[in-house]
$ cat run-v2.txt   # compact mmCIF, C-alpha atoms
# COMPACT_ATOMS: atom_id res chain seq x y z
CA MET A 27 -31.30 83.39 -46.29
CA GLU A 28 -31.00 80.67 -48.89
CA GLN A 29 -33.79 78.11 -48.69
CA ARG A 30 -32.84 74.45 -48.43
CA PHE A 31 -35.09 71.48 -49.08
CA GLY A 32 -32.69 68.61 -48.46
CA LYS A 33 -30.98 66.66 -51.22
CA LEU A 34 -31.37 63.95 -53.84
CA VAL A 35 -28.66 61.31 -54.06
CA LEU A 36 -28.23 59.64 -57.46
CA VAL A 37 -27.37 56.04 -56.64
CA GLU A 38 -24.68 54.72 -58.97
CA GLN A 39 -23.93 51.05 -59.56
CA GLU A 40 -20.27 51.89 -60.13
CA GLY A 41 -18.27 54.94 -59.09
CA PRO A 42 -19.14 57.73 -56.69
CA GLU A 43 -22.66 58.88 -55.91
CA ARG A 44 -23.83 62.35 -56.86
CA GLU A 45 -25.54 64.52 -54.25
CA PHE A 46 -27.83 67.29 -55.50
CA GLY A 47 -28.42 69.92 -52.83
CA LEU A 48 -31.92 71.34 -53.27
CA SER A 49 -32.05 75.14 -52.98
CA LYS A 50 -34.72 75.58 -55.65
CA ALA A 51 -38.49 75.28 -55.27
CA SER A 52 -38.99 73.57 -58.64
CA VAL A 53 -36.42 71.05 -59.89
CA THR A 54 -36.74 69.26 -63.24
CA LEU A 55 -35.32 65.81 -63.93
CA GLY A 56 -34.82 64.07 -67.25
CA ARG A 57 -32.55 63.21 -70.13
CA ALA A 58 -32.56 66.68 -71.75
CA LEU A 59 -29.50 68.75 -70.89
CA SER A 60 -31.67 71.73 -69.92
CA ASN A 61 -32.93 69.90 -66.82
CA ASP A 62 -31.70 70.76 -63.35
CA ILE A 63 -30.77 67.10 -62.84
CA VAL A 64 -29.63 65.47 -66.08
CA LEU A 65 -29.99 61.69 -66.26
CA GLY A 66 -27.68 59.85 -68.64
CA ASP A 67 -30.31 57.15 -69.00
CA SER A 68 -31.86 56.06 -72.29
CA ARG A 69 -35.02 54.87 -70.47
CA ALA A 70 -35.63 58.30 -68.96
CA SER A 71 -37.74 60.80 -70.91
CA ARG A 72 -36.30 64.17 -71.95
CA GLU A 73 -38.58 65.92 -69.43
CA HIS A 74 -39.37 63.07 -67.09
CA ALA A 75 -40.41 64.48 -63.70
CA ARG A 76 -40.44 67.58 -61.54
CA LEU A 77 -39.72 68.00 -57.85
CA GLU A 78 -41.90 70.67 -56.20
CA CYS A 79 -40.59 71.87 -52.83
CA GLY A 80 -41.92 74.23 -50.19
CA PRO A 81 -42.08 74.70 -46.42
CA GLN A 82 -44.08 71.49 -46.05
CA GLY A 83 -41.60 69.35 -47.94
CA CYS A 84 -41.15 68.03 -51.49
CA GLU A 85 -43.44 66.26 -53.96
CA ILE A 86 -42.39 64.26 -57.00
CA VAL A 87 -44.56 64.83 -60.08
CA ASP A 88 -44.47 62.72 -63.24
CA LEU A 89 -44.52 64.81 -66.45
CA GLY A 90 -46.13 62.23 -68.72
CA SER A 91 -42.95 60.19 -69.09
CA SER A 92 -42.84 57.13 -71.34
CA ASN A 93 -41.70 54.67 -68.66
CA GLY A 94 -43.31 56.30 -65.65
CA THR A 95 -42.08 57.48 -62.27
CA ARG A 96 -41.77 55.08 -59.34
CA LEU A 97 -41.62 55.74 -55.61
CA ASN A 98 -40.12 52.88 -53.63
CA GLY A 99 -40.92 50.61 -56.58
CA ASN A 100 -44.57 51.71 -57.02
CA PRO A 101 -45.81 53.83 -59.98
CA VAL A 102 -46.92 57.34 -58.98
CA GLN A 103 -48.19 60.50 -60.66
CA ARG A 104 -47.71 62.84 -57.70
CA GLU A 105 -46.57 61.91 -54.23
CA VAL A 106 -45.06 63.57 -51.15
CA LEU A 107 -41.52 62.41 -50.39
CA LYS A 108 -40.32 61.21 -47.01
CA PRO A 109 -36.67 60.94 -45.94
CA GLY A 110 -35.20 57.73 -47.31
CA ASP A 111 -37.71 57.41 -50.18
CA VAL A 112 -36.22 56.17 -53.46
CA VAL A 113 -37.50 57.70 -56.70
CA GLY A 114 -37.13 55.61 -59.88
CA LEU A 115 -36.90 57.35 -63.25
CA GLY A 116 -36.15 54.97 -66.11
CA SER A 117 -33.20 52.92 -64.86
CA SER A 118 -32.04 55.68 -62.49
CA GLN A 119 -32.67 55.76 -58.77
CA LEU A 120 -32.49 58.81 -56.53
CA ARG A 121 -32.74 58.76 -52.74
CA TYR A 122 -34.36 61.70 -50.96
CA GLU A 123 -32.69 62.91 -47.78
CA VAL A 124 -33.36 65.96 -45.64
CA GLU A 125 -29.85 66.41 -44.28
CA PRO A 126 -27.98 69.14 -46.16
CA THR A 127 -24.98 68.27 -48.29
CA GLN A 128 -21.91 68.23 -46.07
CA ASP A 129 -18.66 69.90 -47.05
CA ASP A 130 -15.82 67.37 -47.02
CA LEU A 131 -13.24 69.13 -44.86
CA GLU A 132 -11.22 66.11 -43.76
CA LEU A 133 -8.27 64.61 -45.58
CA THR A 134 -8.18 60.93 -46.43
CA ARG A 135 -5.07 58.96 -45.55
CA LEU A 136 -3.82 57.00 -48.56
CA ASP A 137 -0.91 54.66 -47.88
CA SER A 138 -1.51 51.97 -50.49
CA GLU A 139 -3.36 51.17 -53.70
CA SER A 140 -6.04 49.39 -51.66
CA ASP A 141 -6.57 52.62 -49.68
CA VAL A 142 -7.09 54.43 -52.98
CA ALA A 143 -9.63 51.85 -54.16
CA ARG A 144 -11.59 51.98 -50.88
CA SER A 145 -11.57 55.77 -50.88
CA MET A 146 -12.95 55.93 -54.43
CA GLU A 147 -15.81 53.59 -53.51
CA HIS A 148 -17.01 55.99 -50.80
CA GLU A 149 -16.45 59.30 -52.53
CA VAL A 150 -19.46 61.54 -53.18
CA LEU A 151 -19.69 64.34 -55.73
CA PRO A 152 -21.78 67.19 -54.22
CA MET A 153 -23.71 69.36 -56.70
CA ALA A 154 -25.83 72.42 -55.87
CA ILE A 155 -29.12 73.20 -57.60
CA ASN A 156 -29.78 76.89 -57.15
CA GLU A 157 -32.66 79.15 -58.10
CA THR A 158 -31.87 80.71 -61.49
CA ASP A 159 -35.17 82.30 -62.50
CA LEU A 160 -35.09 85.04 -59.84
CA PRO A 161 -33.29 88.41 -60.22
CA ARG A 162 -30.23 89.07 -58.06
CA LEU A 163 -27.05 91.08 -57.72
CA VAL A 164 -23.64 89.44 -57.48
CA VAL A 165 -21.16 91.64 -55.63
CA PHE A 166 -17.40 91.19 -56.10
CA ASP A 167 -15.14 93.18 -53.80
CA ARG A 168 -11.75 92.71 -52.19
CA GLU A 169 -13.10 90.54 -49.39
CA GLN A 170 -15.54 88.15 -51.03
CA ALA A 171 -18.19 87.46 -53.65
CA ARG A 172 -21.79 87.42 -52.45
CA GLU A 173 -25.30 87.33 -53.87
CA VAL A 174 -28.13 89.72 -53.02
CA PRO A 175 -31.61 88.42 -54.03
CA LEU A 176 -34.02 91.01 -55.46
CA HIS A 177 -37.29 89.13 -55.90
CA ALA A 178 -38.71 90.02 -52.45
CA VAL A 179 -37.74 93.71 -52.38
CA ASP A 180 -38.50 96.87 -54.35
CA SER A 181 -35.12 98.56 -53.92
CA VAL A 182 -31.57 97.92 -52.74
CA THR A 183 -29.21 100.67 -51.59
CA ILE A 184 -25.44 100.47 -52.04
CA GLY A 185 -22.95 102.46 -49.98
CA ARG A 186 -20.06 102.59 -47.52
CA THR A 187 -22.02 102.35 -44.26
CA ASP A 188 -23.91 99.44 -42.75
CA GLU A 189 -27.26 101.26 -43.08
CA ASN A 190 -27.21 100.19 -46.75
CA ASP A 191 -28.54 96.88 -48.05
CA VAL A 192 -25.20 96.30 -49.78
CA MET A 193 -22.24 97.67 -47.85
CA VAL A 194 -19.01 98.28 -49.78
CA ASP A 195 -16.49 99.46 -47.21
CA GLN A 196 -14.06 101.30 -49.48
CA GLY A 197 -12.75 104.85 -49.38
CA LYS A 198 -13.98 105.77 -52.88
CA VAL A 199 -17.53 104.68 -52.10
CA SER A 200 -19.94 107.31 -50.78
CA ARG A 201 -22.05 106.77 -47.66
CA ARG A 202 -25.14 106.34 -49.87
CA HIS A 203 -23.68 105.73 -53.30
CA ALA A 204 -26.32 104.14 -55.55
CA GLU A 205 -29.51 102.14 -55.58
CA VAL A 206 -31.18 99.47 -57.69
CA VAL A 207 -34.94 100.04 -57.93
CA ARG A 208 -37.73 97.87 -59.33
CA LYS A 209 -39.44 99.46 -62.34
CA GLY A 210 -42.29 97.40 -63.71
CA ASP A 211 -40.78 94.06 -64.74
CA GLY A 212 -37.27 95.51 -64.83
CA TRP A 213 -34.67 97.07 -62.55
CA LEU A 214 -33.23 100.59 -62.65
CA LEU A 215 -29.70 101.53 -61.54
CA ARG A 216 -29.56 105.05 -60.10
CA ASP A 217 -26.58 107.03 -58.79
CA LEU A 218 -27.37 108.91 -55.55
CA GLY A 219 -25.07 111.85 -56.15
CA SER A 220 -21.92 109.93 -55.25
CA THR A 221 -18.53 111.64 -55.25
CA ASN A 222 -16.78 109.19 -57.61
CA GLY A 223 -19.74 108.07 -59.69
CA THR A 224 -21.43 104.82 -60.62
CA TRP A 225 -19.88 103.32 -63.74
CA LEU A 226 -21.58 101.13 -66.34
CA ARG A 227 -19.95 100.14 -69.65
CA GLY A 228 -17.09 102.58 -69.13
CA GLU A 229 -19.16 105.68 -68.41
CA ALA A 230 -20.52 107.35 -65.29
CA ILE A 231 -24.31 107.15 -65.25
CA GLU A 232 -27.09 108.90 -63.39
CA GLU A 233 -29.82 106.42 -64.19
CA ARG A 234 -29.92 103.37 -66.45
CA LEU A 235 -32.26 100.41 -66.99
CA LEU A 236 -30.28 97.26 -66.26
CA GLN A 237 -30.01 94.39 -68.73
CA ASP A 238 -29.26 90.81 -67.74
CA GLY A 239 -25.50 90.44 -67.31
CA ASP A 240 -24.77 94.16 -66.89
CA ALA A 241 -21.72 94.76 -64.68
CA PHE A 242 -21.42 98.15 -62.97
CA ARG A 243 -18.71 99.54 -60.71
CA VAL A 244 -19.02 101.22 -57.33
CA GLY A 245 -15.58 102.18 -56.07
CA ARG A 246 -13.43 99.15 -56.76
CA ALA A 247 -16.31 96.72 -56.32
CA GLN A 248 -17.92 95.17 -59.37
CA ILE A 249 -21.62 94.33 -59.18
CA VAL A 250 -23.30 92.11 -61.78
CA PHE A 251 -27.05 92.16 -62.37
CA LYS A 252 -28.62 88.80 -63.18
CA GLY A 253 -32.20 89.10 -64.34
CA GLY A 254 -32.99 85.41 -64.01
CA HIS A 255 -34.35 83.12 -66.70
CA ALA A 256 -37.04 80.49 -67.03
CA GLN A 257 -36.21 76.99 -68.21
CA GLU A 258 -37.69 77.79 -71.63
CA ALA A 259 -34.83 80.24 -72.15
CA LEU A 260 -32.34 77.38 -71.96
CA THR A 261 -33.35 76.06 -75.39
CA MET A 262 -33.56 77.47 -78.92
CA ALA A 263 -37.22 76.51 -79.36
CA ASP A 264 -38.19 80.02 -80.50
CA ALA A 265 -34.94 80.98 -82.20
CA THR A 266 -34.74 81.72 -85.89
CA PHE A 267 -31.91 80.63 -88.14
CA ALA A 268 -31.06 84.28 -88.75
CA ARG A 269 -30.37 84.80 -85.05
CA MET A 270 -28.28 81.64 -84.90
CA SER A 271 -26.22 82.66 -87.93
CA THR A 272 -25.24 86.04 -86.45
CA ARG A 273 -24.13 84.92 -83.00
CA ARG A 274 -20.47 84.57 -82.13
CA PRO A 275 -18.68 81.22 -82.30
CA VAL A 276 -17.80 79.81 -78.87
CA VAL A 277 -14.45 78.45 -77.72
CA PHE A 278 -14.47 76.52 -74.44
CA VAL A 279 -11.31 76.40 -72.29
CA PRO A 280 -11.46 73.77 -69.48
CA GLY A 281 -9.73 74.10 -66.12
CA LEU A 282 -7.12 72.20 -64.17
CA MET A 283 -7.12 68.50 -65.11
CA GLY A 284 -9.90 69.19 -67.62
CA SER A 285 -7.96 68.02 -70.71
CA ASP A 286 -6.75 64.49 -71.33
CA LEU A 287 -3.01 63.78 -71.61
CA TRP A 288 -1.45 61.13 -73.86
CA ALA A 289 2.03 59.66 -74.13
CA GLY A 290 1.89 57.98 -77.53
CA ASN A 291 -0.88 55.36 -77.34
CA GLU A 292 -1.11 55.52 -73.53
CA ARG A 293 -3.72 57.75 -71.95
CA VAL A 294 -1.94 59.13 -68.89
CA TRP A 295 -4.85 61.31 -67.75
CA PRO A 296 -7.60 60.89 -66.66
CA SER A 297 -6.33 58.00 -64.55
CA VAL A 298 -6.70 58.54 -60.81
CA LYS A 299 -4.72 55.41 -60.00
CA ASN A 300 -1.88 56.56 -62.25
CA PHE A 301 -1.94 60.03 -60.71
CA LEU A 302 -1.78 58.78 -57.10
CA THR A 303 0.67 55.91 -57.56
CA HIS A 304 3.04 57.59 -60.03
CA PRO A 305 2.77 61.34 -59.33
CA GLU A 306 6.28 61.90 -60.68
CA ARG A 307 4.90 61.39 -64.21
CA PHE A 308 2.93 64.62 -63.83
CA ARG A 309 5.91 66.76 -62.84
CA TYR A 310 6.47 69.41 -65.51
CA PRO A 311 8.55 69.21 -67.62
CA ASP A 312 10.43 66.25 -66.11
CA GLY A 313 7.49 63.88 -66.45
CA GLY A 314 7.83 63.98 -70.19
CA PRO A 315 6.00 65.67 -73.07
CA PHE A 316 2.31 64.84 -73.25
CA GLU A 317 -0.20 65.50 -76.00
CA SER A 318 -3.69 66.69 -75.19
CA ARG A 319 -6.32 65.40 -77.62
CA GLY A 320 -9.61 66.44 -76.05
CA ILE A 321 -11.43 67.57 -72.94
CA VAL A 322 -12.17 65.12 -70.13
CA ASP A 323 -15.46 63.33 -70.79
CA GLU A 324 -15.87 61.41 -67.54
CA LEU A 325 -16.37 62.00 -63.84
CA VAL A 326 -13.01 62.47 -62.10
CA ILE A 327 -12.44 62.43 -58.33
CA VAL A 328 -8.96 62.61 -56.83
CA PRO A 329 -9.25 62.20 -53.03
CA ASN A 330 -8.01 65.27 -51.14
CA LEU A 331 -7.59 67.25 -54.36
CA ILE A 332 -10.37 67.56 -56.94
CA LYS A 333 -13.94 66.53 -57.75
CA GLN A 334 -14.95 67.23 -61.33
CA ASP A 335 -17.96 66.25 -63.41
CA GLN A 336 -17.80 65.71 -67.17
CA TYR A 337 -16.85 68.83 -69.14
CA ASN A 338 -18.33 67.37 -72.30
CA ARG A 339 -21.84 67.96 -70.94
CA LEU A 340 -21.39 71.67 -71.52
CA GLY A 341 -20.61 71.10 -75.19
CA ASP A 342 -23.48 68.64 -75.50
CA TYR A 343 -25.84 71.25 -74.05
CA LEU A 344 -24.69 73.96 -76.49
CA VAL A 345 -25.10 71.57 -79.41
CA GLU A 346 -28.34 69.81 -78.46
CA GLU A 347 -30.26 72.64 -76.82
CA LEU A 348 -28.84 75.85 -78.34
CA GLY A 349 -28.12 74.63 -81.85
CA TYR A 350 -24.36 75.11 -81.95
CA ARG A 351 -22.37 72.90 -84.34
CA ARG A 352 -19.07 71.33 -83.38
CA GLY A 353 -16.30 72.38 -85.71
CA LEU A 354 -18.39 75.22 -87.17
CA ASP A 355 -19.31 77.58 -84.33
CA TYR A 356 -18.40 75.57 -81.20
CA PHE A 357 -14.82 74.53 -80.42
CA GLU A 358 -13.07 72.98 -77.42
CA PHE A 359 -9.50 73.94 -76.55
CA ALA A 360 -7.63 71.05 -74.92
CA TYR A 361 -4.18 71.80 -73.51
CA ASP A 362 -1.48 70.47 -71.19
CA TRP A 363 -2.64 71.98 -67.89
CA ARG A 364 0.76 71.29 -66.27
CA GLN A 365 2.57 73.88 -68.39
CA ASP A 366 3.04 77.63 -67.89
CA VAL A 367 -0.25 79.48 -68.43
CA ARG A 368 1.50 81.80 -70.90
CA GLN A 369 2.37 78.84 -73.10
CA SER A 370 -1.27 77.71 -73.02
CA ALA A 371 -2.30 81.26 -73.93
CA ARG A 372 -0.03 81.25 -76.99
CA GLU A 373 -1.49 77.91 -78.07
CA LEU A 374 -5.03 79.26 -77.59
CA ALA A 375 -4.25 82.35 -79.71
CA ARG A 376 -2.83 80.15 -82.44
CA ARG A 377 -5.86 77.84 -82.33
CA ILE A 378 -8.32 80.75 -82.56
CA GLY A 379 -6.36 82.14 -85.49
CA GLU A 380 -6.77 78.81 -87.29
CA LEU A 381 -10.54 78.58 -86.79
CA PRO A 382 -12.71 78.47 -89.93
CA THR A 383 -14.30 81.83 -89.11
CA SER A 384 -13.31 85.47 -89.44
CA ARG A 385 -15.80 86.67 -86.83
CA PRO A 386 -14.91 87.54 -83.21
CA VAL A 387 -15.29 84.57 -80.86
CA ALA A 388 -16.73 84.26 -77.37
CA ILE A 389 -14.46 82.43 -74.93
CA MET A 390 -16.12 80.34 -72.22
CA SER A 391 -13.77 79.03 -69.54
CA HIS A 392 -13.62 77.42 -66.11
CA SER A 393 -11.17 77.42 -63.19
CA LEU A 394 -7.58 77.52 -64.48
CA GLY A 395 -9.02 78.02 -67.94
CA THR A 396 -10.14 81.55 -66.98
CA LEU A 397 -6.49 82.60 -66.68
CA VAL A 398 -5.45 81.36 -70.10
CA PRO A 399 -7.28 84.03 -72.23
CA ARG A 400 -5.93 86.82 -69.99
CA TYR A 401 -2.42 86.33 -71.33
$ encode --input "run-v2.txt" --output "structure tokens"
Amino acid sequence: MEQRFGKLVLVEQEGPEREFGLSKASVTLGRALSNDIVLGDSRASREHARLECGPQGCEIVDLGSSNGTRLNGNPVQREVLKPGDVVGLGSSQLRYEVEPTQDDLELTRLDSESDVARSMEHEVLPMAINETDLPRLVVFDREQAREVPLHAVDSVTIGRTDENDVMVDQGKVSRRHAEVVRKGDGWLLRDLGSTNGTWLRGEAIEERLLQDGDAFRVGRAQIVFKGGHAQEALTMADATFARMSTRRPVVFVPGLMGSDLWAGNERVWPSVKNFLTHPERFRYPDGGPFESRGIVDELVIVPNLIKQDQYNRLGDYLVEELGYRRGLDYFEFAYDWRQDVRQSARELARRIGELPTSRPVAIMSHSLGTLVPRY
């Protein structure tokens, strides 16, 4: 069962609050983009503080920050948090609460522009902070996607019956099909004499040491091994220039409403008020031809429809922490997300063909953007 330690609520002077659900025992906070909670605050240090959580609750620990860490206005080095406590980091304030983040299942009635304004004032953007440094399996089958943690076990069996740790109820899956077994610091994938085989990288295997990101197939189910990574792996601190020069360029494709839209000198999107009061402008193609000039670089919440944080943070992370260079080996593909996906795919192919590189590229995408490269 996933552990939960409550939540931190980033209190904003303007716009919606951000809720960070705490499902991780150690949470870092600071200005650096490799932190679990990134603070867009010039007075916050790059690695400002750490939240340490366990069965007894959570403690806030200052990491030698320049401007200190405050708890309810008082400077602290390490202190246990109580529900309602406010942690100050630089100019940012975060409120600690023990209630879990609630899913917003109700629709908001919007009959006027004033209803829109009031709704925006009370909107909250929920964000989950999950454990990423522990090994796990991610299972994709016809019914659902689910995670299976590995850190507390020595083996996991996969098969068609419920006596297995991972049940894949499909006709081509054997009763006891395969297993994933701990071997030293790694994990071994082993076929258990299945009828239709266990497939990894296009070939049936008997036994293979798993690498982080390996995807293997059991029947029609795809299972991805994630080895976990420490925070140090999120930066290029130990990378050499030779390694950086041989990696593939990255093209990022945002999802629905992730690119801005312009009509001449007017920015049509992002504009929540424009979207809700004049939705006919977004009808394709009747609303008119729009030009997309970049990805959305601000928080966007449309009541009853979408909650989306800034896409530009991903690019900033690749540039600042991993050493990518915009226009050289990192590119963002902005497109009119109203149009047919096949048209966006043609535009993406043309853009990649025009890039100043002859090497294969890696495409990173989100939401609707994952469909675009498939065409």
$ residues_around --input "run-v2.txt" --residues "region 239-241 of chain A" --least-positions-apart "3" --cutoff "7 Å" --atoms "all atoms listed in the file" --output "ChimeraX atom specification"
/A:226,236,248-252
$ residues_around --input "run-v2.txt" --residues "Lys209 (chain A)" --least-positions-apart "4" --cutoff "9 Å" --atoms "all atoms listed in the file" --output "MDAnalysis selection string"
chainID A and resid 180 213:214 235
$ write_last_selection --input "run-v2.txt" --atoms "C-alpha atoms" --output "mmCIF file, keeping the file's coordinate frame"
data_model
loop_
_atom_site.group_PDB
_atom_site.id
_atom_site.type_symbol
_atom_site.label_atom_id
_atom_site.label_comp_id
_atom_site.auth_asym_id
_atom_site.auth_seq_id
_atom_site.Cartn_x
_atom_site.Cartn_y
_atom_site.Cartn_z
ATOM 1 C CA ASP A 180 -38.500 96.870 -54.350
ATOM 2 C CA TRP A 213 -34.670 97.070 -62.550
ATOM 3 C CA LEU A 214 -33.230 100.590 -62.650
ATOM 4 C CA LEU A 235 -32.260 100.410 -66.990
#
$ residues_around --input "run-v2.txt" --residues "Arg30 (chain A)" --least-positions-apart "3" --cutoff "9 Å" --atoms "all atoms listed in the file" --output "ChimeraX atom specification"
/A:33,47-51,124,126
$ atom_distance --input "run-v2.txt" --atom1 "CA of Pro275 (chain A)" --atom2 "CA of Asp342 (chain A)"
15.1 Å
$ closest_residue --input "run-v2.txt" --among "A:Asn338, A:Ser370, A:Thr303, A:Thr54" --to "Gly320 (chain A)" --atoms "all atoms listed in the file"
A:Asn338
$ atom_distance --input "run-v2.txt" --atom1 "CA of Leu218 (chain A)" --atom2 "CA of Glu232 (chain A)"
7.8 Å
$ atom_distance --input "run-v2.txt" --atom1 "CA of Ser91 (chain A)" --atom2 "CA of Tyr350 (chain A)"
27.1 Å
$ axis_aligned_box --input "run-v2.txt" --around "region 165-184 of chain A" --padding-each-side "5 Å" --output "AutoDock Vina command-line options"
--center_x -25.2 --center_y 94.0 --center_z -52.7 --size_x 37.0 --size_y 23.3 --size_z 16.7
$ residues_near_point --input "run-v2.txt" --point "(-2.6, 81.2, -74.8)" --cutoff "12 Å" --atoms "only C-alpha atoms" --output "ChimeraX atom specification"
/A:279,359-363,365-379,389,395-401
